[in-house]
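Engineer: Structure: target30.pdb, PDB, C-alpha atoms.
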ATOM      1  CA  MET A   1       5.559  16.391  16.747  1.00  0.00           C
ATOM      2  CA  ILE A   2       4.394  13.260  14.918  1.00  0.00           C
ATOM      3  CA  LYS A   3       0.631  12.769  15.127  1.00  0.00           C
ATOM      4  CA  ALA A   4       0.073  10.081  12.457  1.00  0.00           C
ATOM      5  CA  VAL A   5       1.769   7.050  10.962  1.00  0.00           C
ATOM      6  CA  VAL A   6       0.620   5.845   7.548  1.00  0.00           C
ATOM      7  CA  PHE A   7       1.411   2.462   6.012  1.00  0.00           C
ATOM      8  CA  ASP A   8       1.520   1.112   2.486  1.00  0.00           C
ATOM      9  CA  PHE A   9      -0.186  -2.258   2.053  1.00  0.00           C
ATOM     10  CA  PHE A  10       1.697  -4.448  -0.453  1.00  0.00           C
ATOM     11  CA  GLY A  11       5.264  -5.098   0.627  1.00  0.00           C
ATOM     12  CA  VAL A  12       4.779  -3.599   4.109  1.00  0.00           C
ATOM     13  CA  ILE A  13       1.578  -4.842   5.759  1.00  0.00           C
ATOM     14  CA  SER A  14       1.192  -7.715   3.331  1.00  0.00           C
ATOM     15  CA  SER A  15       3.474  -9.842   1.228  1.00  0.00           C
ATOM     16  CA  ASP A  16       3.565  -8.883  -2.428  1.00  0.00           C
ATOM     17  CA  GLU A  17       3.290 -12.119  -4.367  1.00  0.00           C
ATOM     18  CA  TYR A  18       2.256 -10.440  -7.637  1.00  0.00           C
ATOM     19  CA  TRP A  19       5.691  -9.160  -8.599  1.00  0.00           C
ATOM     20  CA  GLN A  20       7.327 -12.495  -7.855  1.00  0.00           C
ATOM     21  CA  PHE A  21       4.679 -14.213  -9.953  1.00  0.00           C
ATOM     22  CA  VAL A  22       5.121 -11.949 -12.968  1.00  0.00           C
ATOM     23  CA  GLY A  23       8.908 -12.199 -12.624  1.00  0.00           C
ATOM     24  CA  VAL A  24       9.847  -8.533 -12.777  1.00  0.00           C
ATOM     25  CA  GLU A  25      11.210  -6.135 -10.204  1.00  0.00           C
ATOM     26  CA  LYS A  26       8.425  -4.348  -8.388  1.00  0.00           C
ATOM     27  CA  GLY A  27       7.434  -1.100 -10.001  1.00  0.00           C
ATOM     28  CA  GLN A  28       9.720  -1.333 -13.030  1.00  0.00           C
ATOM     29  CA  PRO A  29       8.252  -0.014 -16.290  1.00  0.00           C
ATOM     30  CA  THR A  30       6.813  -3.141 -17.957  1.00  0.00           C
ATOM     31  CA  THR A  31       3.522  -4.329 -19.352  1.00  0.00           C
ATOM     32  CA  PHE A  32       2.781  -5.753 -15.912  1.00  0.00           C
ATOM     33  CA  ARG A  33       3.219  -2.345 -14.294  1.00  0.00           C
ATOM     34  CA  ASP A  34       0.934  -0.884 -16.951  1.00  0.00           C
ATOM     35  CA  PHE A  35      -1.683  -3.461 -15.919  1.00  0.00           C
ATOM     36  CA  THR A  36      -1.296  -2.575 -12.241  1.00  0.00           C
ATOM     37  CA  ASP A  37      -1.504   1.145 -12.969  1.00  0.00           C
ATOM     38  CA  GLU A  38      -4.743   0.584 -14.911  1.00  0.00           C
ATOM     39  CA  VAL A  39      -6.385  -1.427 -12.142  1.00  0.00           C
ATOM     40  CA  ASN A  40      -5.014   0.781  -9.349  1.00  0.00           C
ATOM     41  CA  LEU A  41      -6.475   3.851 -11.055  1.00  0.00           C
ATOM     42  CA  GLY A  42      -9.817   2.095 -11.414  1.00  0.00           C
ATOM     43  CA  LYS A  43      -9.625   2.185 -15.225  1.00  0.00           C
ATOM     44  CA  ILE A  44     -10.263  -1.568 -15.415  1.00  0.00           C
ATOM     45  CA  ASP A  45     -12.105  -3.815 -13.000  1.00  0.00           C
ATOM     46  CA  TRP A  46     -10.491  -6.520 -10.897  1.00  0.00           C
ATOM     47  CA  GLN A  47     -11.599  -9.457 -13.066  1.00  0.00           C
ATOM     48  CA  ASN A  48     -10.330  -7.800 -16.247  1.00  0.00           C
ATOM     49  CA  PHE A  49      -6.976  -7.176 -14.547  1.00  0.00           C
ATOM     50  CA  LEU A  50      -6.673 -10.807 -13.458  1.00  0.00           C
ATOM     51  CA  GLN A  51      -7.516 -11.973 -16.986  1.00  0.00           C
ATOM     52  CA  LYS A  52      -4.887  -9.662 -18.514  1.00  0.00           C
ATOM     53  CA  ILE A  53      -2.260 -11.156 -16.198  1.00  0.00           C
ATOM     54  CA  ALA A  54      -3.370 -14.704 -16.993  1.00  0.00           C
ATOM     55  CA  ASP A  55      -3.196 -13.992 -20.733  1.00  0.00           C
ATOM     56  CA  ALA A  56       0.215 -12.316 -20.499  1.00  0.00           C
ATOM     57  CA  LYS A  57       1.616 -15.171 -18.387  1.00  0.00           C
ATOM     58  CA  HIS A  58      -0.043 -17.827 -20.585  1.00  0.00           C
ATOM     59  CA  THR A  59      -1.760 -19.355 -17.586  1.00  0.00           C
ATOM     60  CA  THR A  60      -5.250 -19.715 -16.175  1.00  0.00           C
ATOM     61  CA  LEU A  61      -7.335 -17.151 -14.390  1.00  0.00           C
ATOM     62  CA  GLU A  62      -7.508 -19.551 -11.432  1.00  0.00           C
ATOM     63  CA  THR A  63      -3.691 -19.575 -11.169  1.00  0.00           C
ATOM     64  CA  VAL A  64      -3.585 -15.780 -10.972  1.00  0.00           C
ATOM     65  CA  LYS A  65      -6.367 -15.736  -8.365  1.00  0.00           C
ATOM     66  CA  LYS A  66      -4.322 -18.159  -6.251  1.00  0.00           C
ATOM     67  CA  VAL A  67      -1.402 -15.714  -6.327  1.00  0.00           C
ATOM     68  CA  TYR A  68      -3.563 -13.045  -4.701  1.00  0.00           C
ATOM     69  CA  ASP A  69      -5.150 -15.551  -2.331  1.00  0.00           C
ATOM     70  CA  SER A  70      -1.644 -16.421  -1.105  1.00  0.00           C
ATOM     71  CA  GLU A  71      -0.950 -12.882   0.141  1.00  0.00           C
ATOM     72  CA  GLN A  72      -0.065 -12.950   3.845  1.00  0.00           C
ATOM     73  CA  LEU A  73      -0.402 -10.165   6.393  1.00  0.00           C
ATOM     74  CA  ASN A  74       2.748  -9.500   8.419  1.00  0.00           C
ATOM     75  CA  PRO A  75       1.764 -10.120  12.063  1.00  0.00           C
ATOM     76  CA  GLN A  76       4.630  -7.939  13.359  1.00  0.00           C
ATOM     77  CA  ILE A  77       3.419  -4.985  11.309  1.00  0.00           C
ATOM     78  CA  ILE A  78      -0.214  -5.547  12.335  1.00  0.00           C
ATOM     79  CA  SER A  79       0.891  -5.607  15.984  1.00  0.00           C
ATOM     80  CA  LEU A  80       2.949  -2.434  15.466  1.00  0.00           C
ATOM     81  CA  ILE A  81      -0.029  -0.641  13.910  1.00  0.00           C
ATOM     82  CA  ASP A  82      -2.212  -1.765  16.810  1.00  0.00           C
ATOM     83  CA  ARG A  83       0.286  -0.308  19.330  1.00  0.00           C
ATOM     84  CA  LEU A  84       0.744   2.922  17.366  1.00  0.00           C
ATOM     85  CA  HIS A  85      -3.014   3.348  17.049  1.00  0.00           C
ATOM     86  CA  THR A  86      -3.259   3.843  20.833  1.00  0.00           C
ATOM     87  CA  THR A  87      -1.063   6.973  20.681  1.00  0.00           C
ATOM     88  CA  HIS A  88      -1.213   8.201  17.055  1.00  0.00           C
ATOM     89  CA  LYS A  89      -3.615   8.407  14.175  1.00  0.00           C
ATOM     90  CA  THR A  90      -2.924   5.605  11.718  1.00  0.00           C
ATOM     91  CA  GLY A  91      -3.611   5.350   8.032  1.00  0.00           C
ATOM     92  CA  LEU A  92      -3.494   2.932   5.130  1.00  0.00           C
ATOM     93  CA  LEU A  93      -2.457   4.421   1.787  1.00  0.00           C
ATOM     94  CA  THR A  94      -2.305   1.892  -1.014  1.00  0.00           C
ATOM     95  CA  ASN A  95      -2.140   1.588  -4.753  1.00  0.00           C
ATOM     96  CA  ALA A  96      -4.717  -1.165  -5.084  1.00  0.00           C
ATOM     97  CA  HIS A  97      -8.082  -2.020  -6.506  1.00  0.00           C
ATOM     98  CA  HIS A  98     -10.910  -1.690  -4.018  1.00  0.00           C
ATOM     99  CA  GLU A  99     -12.529  -4.988  -5.090  1.00  0.00           C
ATOM    100  CA  TYR A 100      -9.447  -6.879  -3.942  1.00  0.00           C
ATOM    101  CA  ILE A 101      -8.404  -4.827  -0.933  1.00  0.00           C
ATOM    102  CA  ALA A 102     -11.943  -4.684   0.500  1.00  0.00           C
ATOM    103  CA  ARG A 103     -11.970  -8.497   0.701  1.00  0.00           C
ATOM    104  CA  VAL A 104      -8.630  -8.510   2.517  1.00  0.00           C
ATOM    105  CA  ILE A 105      -9.697  -5.789   4.942  1.00  0.00           C
ATOM    106  CA  GLU A 106     -12.989  -7.537   5.642  1.00  0.00           C
ATOM    107  CA  ALA A 107     -11.290 -10.896   6.273  1.00  0.00           C
ATOM    108  CA  ALA A 108      -8.455  -9.595   8.449  1.00  0.00           C
ATOM    109  CA  HIS A 109     -10.228  -6.594  10.004  1.00  0.00           C
ATOM    110  CA  PRO A 110      -7.225  -4.243   9.798  1.00  0.00           C
ATOM    111  CA  ASP A 111      -9.770  -1.494   9.076  1.00  0.00           C
ATOM    112  CA  SER A 112     -10.301  -1.256  12.847  1.00  0.00           C
ATOM    113  CA  LEU A 113      -6.642  -0.252  13.128  1.00  0.00           C
ATOM    114  CA  PHE A 114      -6.867   2.745  10.814  1.00  0.00           C
ATOM    115  CA  ASP A 115      -8.329   6.197  11.175  1.00  0.00           C
ATOM    116  CA  SER A 116      -8.245   6.603   7.412  1.00  0.00           C
ATOM    117  CA  ILE A 117      -7.937   4.252   4.447  1.00  0.00           C
ATOM    118  CA  VAL A 118      -7.106   5.682   1.015  1.00  0.00           C
ATOM    119  CA  ILE A 119      -7.292   3.216  -1.880  1.00  0.00           C
ATOM    120  CA  SER A 120      -6.041   4.504  -5.219  1.00  0.00           C
ATOM    121  CA  SER A 121      -8.803   2.979  -7.355  1.00  0.00           C
ATOM    122  CA  GLU A 122     -11.430   4.750  -5.239  1.00  0.00           C
ATOM    123  CA  VAL A 123      -9.797   8.178  -5.513  1.00  0.00           C
ATOM    124  CA  GLY A 124      -8.504   7.805  -9.098  1.00  0.00           C
ATOM    125  CA  VAL A 125      -4.901   8.724  -8.258  1.00  0.00           C
ATOM    126  CA  ILE A 126      -1.872   6.481  -7.671  1.00  0.00           C
ATOM    127  CA  LYS A 127       1.328   7.025  -5.737  1.00  0.00           C
ATOM    128  CA  PRO A 128       3.632   8.851  -6.207  1.00  0.00           C
ATOM    129  CA  ASP A 129       1.189  11.517  -7.463  1.00  0.00           C
ATOM    130  CA  PRO A 130       1.157  14.235  -4.755  1.00  0.00           C
ATOM    131  CA  ARG A 131      -2.647  14.365  -4.798  1.00  0.00           C
ATOM    132  CA  ILE A 132      -3.006  10.940  -3.163  1.00  0.00           C
ATOM    133  CA  TYR A 133      -0.808  11.974  -0.220  1.00  0.00           C
ATOM    134  CA  GLU A 134      -2.800  15.200   0.080  1.00  0.00           C
ATOM    135  CA  ILE A 135      -6.020  13.173   0.281  1.00  0.00           C
ATOM    136  CA  MET A 136      -4.549  11.193   3.180  1.00  0.00           C
ATOM    137  CA  ILE A 137      -3.355  14.396   4.882  1.00  0.00           C
ATOM    138  CA  ASP A 138      -6.841  15.907   4.610  1.00  0.00           C
ATOM    139  CA  ARG A 139      -8.576  12.774   5.873  1.00  0.00           C
ATOM    140  CA  LEU A 140      -6.263  12.474   8.877  1.00  0.00           C
ATOM    141  CA  GLY A 141      -6.662  16.167   9.693  1.00  0.00           C
ATOM    142  CA  VAL A 142      -2.971  16.737  10.403  1.00  0.00           C
ATOM    143  CA  LYS A 143      -0.139  18.697   8.804  1.00  0.00           C
ATOM    144  CA  PRO A 144       2.247  16.904   6.401  1.00  0.00           C
ATOM    145  CA  GLU A 145       5.189  17.315   8.776  1.00  0.00           C
ATOM    146  CA  GLU A 146       3.177  15.534  11.485  1.00  0.00           C
ATOM    147  CA  ILE A 147       3.013  12.299   9.447  1.00  0.00           C
ATOM    148  CA  ILE A 148       5.425   9.413   8.989  1.00  0.00           C
ATOM    149  CA  TYR A 149       4.758   7.374   5.854  1.00  0.00           C
ATOM    150  CA  ILE A 150       6.140   3.840   5.391  1.00  0.00           C
ATOM    151  CA  ASP A 151       6.492   2.227   1.953  1.00  0.00           C
ATOM    152  CA  ASP A 152       8.718  -0.391   0.333  1.00  0.00           C
ATOM    153  CA  GLN A 153       9.247   1.555  -2.908  1.00  0.00           C
ATOM    154  CA  SER A 154      11.634   4.484  -3.049  1.00  0.00           C
ATOM    155  CA  ARG A 155       9.543   6.415  -5.586  1.00  0.00           C
ATOM    156  CA  GLN A 156       6.549   6.287  -3.214  1.00  0.00           C
ATOM    157  CA  VAL A 157       8.732   7.463  -0.305  1.00  0.00           C
ATOM    158  CA  GLU A 158      10.041  10.310  -2.471  1.00  0.00           C
ATOM    159  CA  GLY A 159       6.448  11.210  -3.402  1.00  0.00           C
ATOM    160  CA  ALA A 160       5.527  11.518   0.274  1.00  0.00           C
ATOM    161  CA  GLU A 161       8.617  13.571   1.046  1.00  0.00           C
ATOM    162  CA  ALA A 162       7.816  15.912  -1.860  1.00  0.00           C
ATOM    163  CA  VAL A 163       4.648  17.028  -0.041  1.00  0.00           C
ATOM    164  CA  GLY A 164       6.428  17.451   3.311  1.00  0.00           C
ATOM    165  CA  ILE A 165       5.770  14.061   4.901  1.00  0.00           C
ATOM    166  CA  LYS A 166       8.563  12.265   6.747  1.00  0.00           C
ATOM    167  CA  ALA A 167       8.986   8.868   5.130  1.00  0.00           C
ATOM    168  CA  ILE A 168      10.700   5.561   5.751  1.00  0.00           C
ATOM    169  CA  LEU A 169      11.733   3.134   3.032  1.00  0.00           C
ATOM    170  CA  TYR A 170      10.705  -0.227   4.488  1.00  0.00           C
ATOM    171  CA  GLN A 171      13.258  -3.014   4.146  1.00  0.00           C
ATOM    172  CA  ASN A 172      12.530  -5.201   7.158  1.00  0.00           C
ATOM    173  CA  TYR A 173      10.849  -5.027  10.533  1.00  0.00           C
ATOM    174  CA  GLN A 174      13.978  -4.332  12.612  1.00  0.00           C
ATOM    175  CA  GLN A 175      15.100  -1.501  10.327  1.00  0.00           C
ATOM    176  CA  LEU A 176      11.587  -0.022  10.470  1.00  0.00           C
ATOM    177  CA  ILE A 177      11.524  -0.053  14.276  1.00  0.00           C
ATOM    178  CA  GLU A 178      14.939   1.626  14.458  1.00  0.00           C
ATOM    179  CA  GLU A 179      13.912   4.383  12.054  1.00  0.00           C
ATOM    180  CA  LEU A 180      10.502   4.862  13.663  1.00  0.00           C
ATOM    181  CA  ASN A 181      12.104   5.221  17.101  1.00  0.00           C
ATOM    182  CA  LYS A 182      14.338   8.010  15.755  1.00  0.00           C
ATOM    183  CA  LEU A 183      11.370   9.907  14.324  1.00  0.00           C
ATOM    184  CA  LEU A 184       8.897   9.321  17.144  1.00  0.00           C
TER     185      LEU A 184
END
Represent the structure contained in this file as structure tokens.
Structural biologist:
Amino acid sequence: MIKAVVFDFFGVISSDEYWQFVGVEKGQPTTFRDFTDEVNLGKIDWQNFLQKIADAKHTTLETVKKVYDSEQLNPQIISLIDRLHTTHKTGLLTNAHHEYIARVIEAAHPDSLFDSIVISSEVGVIKPDPRIYEIMIDRLGVKPEEIIYIDDQSRQVEGAEAVGIKAILYQNYQQLIEELNKLL
């Protein structure tokens, strides 16, 4: 029986303007992924990350900040999480830097929708490392097979499945609802 549903942030709950801005496919091995891995692991701070992107793109720091300021929460997904939260534990599991994501959570208040929030830069591990999924499992207090994890990257979905979590590769809202209904 499913007791928890866990969501990725970028590309599921929120738009993911960064990858469009840098002009590479999300998650592909590039300098830009190296930058995101550094910041998501907490090895560099948020401002240093933004400056590295600005330098690499030959643009201003203000331009890069505007990219992140343009991120939009998906109201359908927020509504879905709100409904699920009445019957299941819900979680947020994201590769992100806490300086950025804390601002978003504070402004939009999705923290009230989640029983647990795991941010990679706070725990020092990024998806698809099994340890980050295990942290979420422990914090939710459920077994891996009692969780559905939703992410827009196949390697993150595979990481969840490797520790026994049922996972859905998010493509669009309708597809997500159909797959969730099968698993719930």
Engineer: Name the closest residue to Asn181 in chain A among the candidates A:Asp34, A:Ser121, A:Ile2, A:Pro29; distances are taken between atoms, counting all atoms listed in the file.
Structural biologist: A:Ile2
Engineer: Written as a list of chain:residue names, what is the full residue list that the PyMOL selection byres ((chain A and resi 76) around 12) yields on the file shown?
Structural biologist: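 For this structure, the PyMOL selection byres ((chain A and resi 76) around 12) captures A:Val12, A:Ile13, A:Ser14, A:Gln72, A:Leu73, A:Asn74, A:Pro75, A:Ile77, A:Ile78, A:Ser79, A:Leu80, A:Ile81, A:Asp82, A:Arg83, A:Asn172, A:Tyr173, A:Gln174, A:Leu176, A:Ile177.
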Engineer: Can I get the selection written as an mmCIF file, in the frame of the given file, with C-alpha atoms?
Structural biologist:
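That gives us selection.cif:
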data_model
loop_
_atom_site.group_PDB
_atom_site.id
_atom_site.type_symbol
_atom_site.label_atom_id
_atom_site.label_comp_id
_atom_site.auth_asym_id
_atom_site.auth_seq_id
_atom_site.Cartn_x
_atom_site.Cartn_y
_atom_site.Cartn_z
ATOM 1 C CA VAL A 12 4.779 -3.599 4.109
ATOM 2 C CA ILE A 13 1.578 -4.842 5.759
ATOM 3 C CA SER A 14 1.192 -7.715 3.331
ATOM 4 C CA GLN A 72 -0.065 -12.950 3.845
ATOM 5 C CA LEU A 73 -0.402 -10.165 6.393
ATOM 6 C CA ASN A 74 2.748 -9.500 8.419
ATOM 7 C CA PRO A 75 1.764 -10.120 12.063
ATOM 8 C CA ILE A 77 3.419 -4.985 11.309
ATOM 9 C CA ILE A 78 -0.214 -5.547 12.335
ATOM 10 C CA SER A 79 0.891 -5.607 15.984
ATOM 11 C CA LEU A 80 2.949 -2.434 15.466
ATOM 12 C CA ILE A 81 -0.029 -0.641 13.910
ATOM 13 C CA ASP A 82 -2.212 -1.765 16.810
ATOM 14 C CA ARG A 83 0.286 -0.308 19.330
ATOM 15 C CA ASN A 172 12.530 -5.201 7.158
ATOM 16 C CA TYR A 173 10.849 -5.027 10.533
ATOM 17 C CA GLN A 174 13.978 -4.332 12.612
ATOM 18 C CA LEU A 176 11.587 -0.022 10.470
ATOM 19 C CA ILE A 177 11.524 -0.053 14.276
#
Engineer: Which residues of range 102-184 of chain A come within 8 Å of range 4-11 of chain A, and what is each one's closest atom pair and distance in Å (one decimal), counting all atoms listed in the file, sorted by chain and residue number, as JSON lines?
Structural biologist:
{"residue": "A:Leu140", "atom": "CA", "partner": "A:Ala4", "partner_atom": "CA", "distance": 7.7}
{"residue": "A:Val142", "atom": "CA", "partner": "A:Ala4", "partner_atom": "CA", "distance": 7.6}
{"residue": "A:Glu146", "atom": "CA", "partner": "A:Ala4", "partner_atom": "CA", "distance": 6.3}
{"residue": "A:Ile147", "atom": "CA", "partner": "A:Ala4", "partner_atom": "CA", "distance": 4.8}
{"residue": "A:Ile148", "atom": "CA", "partner": "A:Val5", "partner_atom": "CA", "distance": 4.8}
{"residue": "A:Tyr149", "atom": "CA", "partner": "A:Val6", "partner_atom": "CA", "distance": 4.7}
{"residue": "A:Ile150", "atom": "CA", "partner": "A:Phe7", "partner_atom": "CA", "distance": 5.0}
{"residue": "A:Asp151", "atom": "CA", "partner": "A:Asp8", "partner_atom": "CA", "distance": 5.1}
{"residue": "A:Asp152", "atom": "CA", "partner": "A:Gly11", "partner_atom": "CA", "distance": 5.8}
Engineer: Rounded to one decimal place, report the CA of Ile165 in chain A-CA of Thr87 in chain A distance in Å.
Structural biologist: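 A separation of 18.6 Å between them.
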Engineer: Have a look at A:Ile137, A:Val64, A:Leu50, A:Leu41 and name the one nearest to His98 in chain A; count only C-alpha atoms.
Structural biologist: A:Leu41
Engineer: Please report the interatomic distance between CA of Phe114 in chain A and CA of Ser154 in chain A in Å with one decimal.
Structural biologist: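 Value for the CA of Phe114 in chain A-CA of Ser154 in chain A distance: 23.2 Å.
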Engineer: Between A:Asp129, A:Asn40, A:Asn48, A:Ala56, single out the one closest to Asn95 in chain A, counting all atoms listed in the file.
Structural biologist: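 Ranking A:Asp129, A:Asn40, A:Asn48, A:Ala56 by distance to Asn95 in chain A, first place goes to A:Asn40.
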Engineer: I'd like to see the residues matched by the PyMOL selection byres ((chain A and resi 122) around 12) on this file, and ideally I'd get them as a ChimeraX atom specification.
Structural biologist: /A:39-43,45,93-102,117-121,123-126,132,135
Engineer: Could you work out how far CA of Lys127 in chain A lies from CA of Glu25 in chain A, giving the answer in Å with one decimal?
Structural biologist: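 Straight-line distance from CA of Glu25 in chain A to CA of Lys127 in chain A works out to 17.1 Å.
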Engineer: Out of A:Leu184, A:Ala160, A:Met136, A:Val67, which residue has the shortest atom-to-atom distance to Leu92 in chain A when counting all atoms listed in the file?
Structural biologist: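 The closest residue to Leu92 in chain A is A:Met136.
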Engineer: Could you check the closest approach to Gly23 in chain A for each of A:Glu179, A:Glu71, A:Ile168, A:Lys57 and tell me which residue wins, using all atoms listed in the file?
Structural biologist: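 Smallest separation from Gly23 in chain A among the options: A:Lys57.
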Engineer: Once you count all atoms listed in the file, which residues end up no further than 12 Å from (-10.9, 0.7, 17.6) in the file's frame, shown as a list in words?
Structural biologist: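 Output of the proximity query reads Ile81, Asp82, Arg83, Leu84, His85, Thr86, Lys89, Thr90, His109, Pro110, Asp111, Ser112, Leu113, Phe114 and Asp115 of chain A.
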Engineer: Hey, which of A:Lys65, A:Lys52, A:Lys3, A:Lys166 ends up closest to Phe32 in chain A? Count only C-alpha atoms.
Structural biologist: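 Ranking A:Lys65, A:Lys52, A:Lys3, A:Lys166 by distance to Phe32 in chain A, first place goes to A:Lys52.
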Engineer: Within 9 Å of (5.0, -11.3, -4.2), all atoms listed in the file: residues as a PyMOL selection string?
Structural biologist: chain A and resi 10-11+15-22+26+67-68+70-71
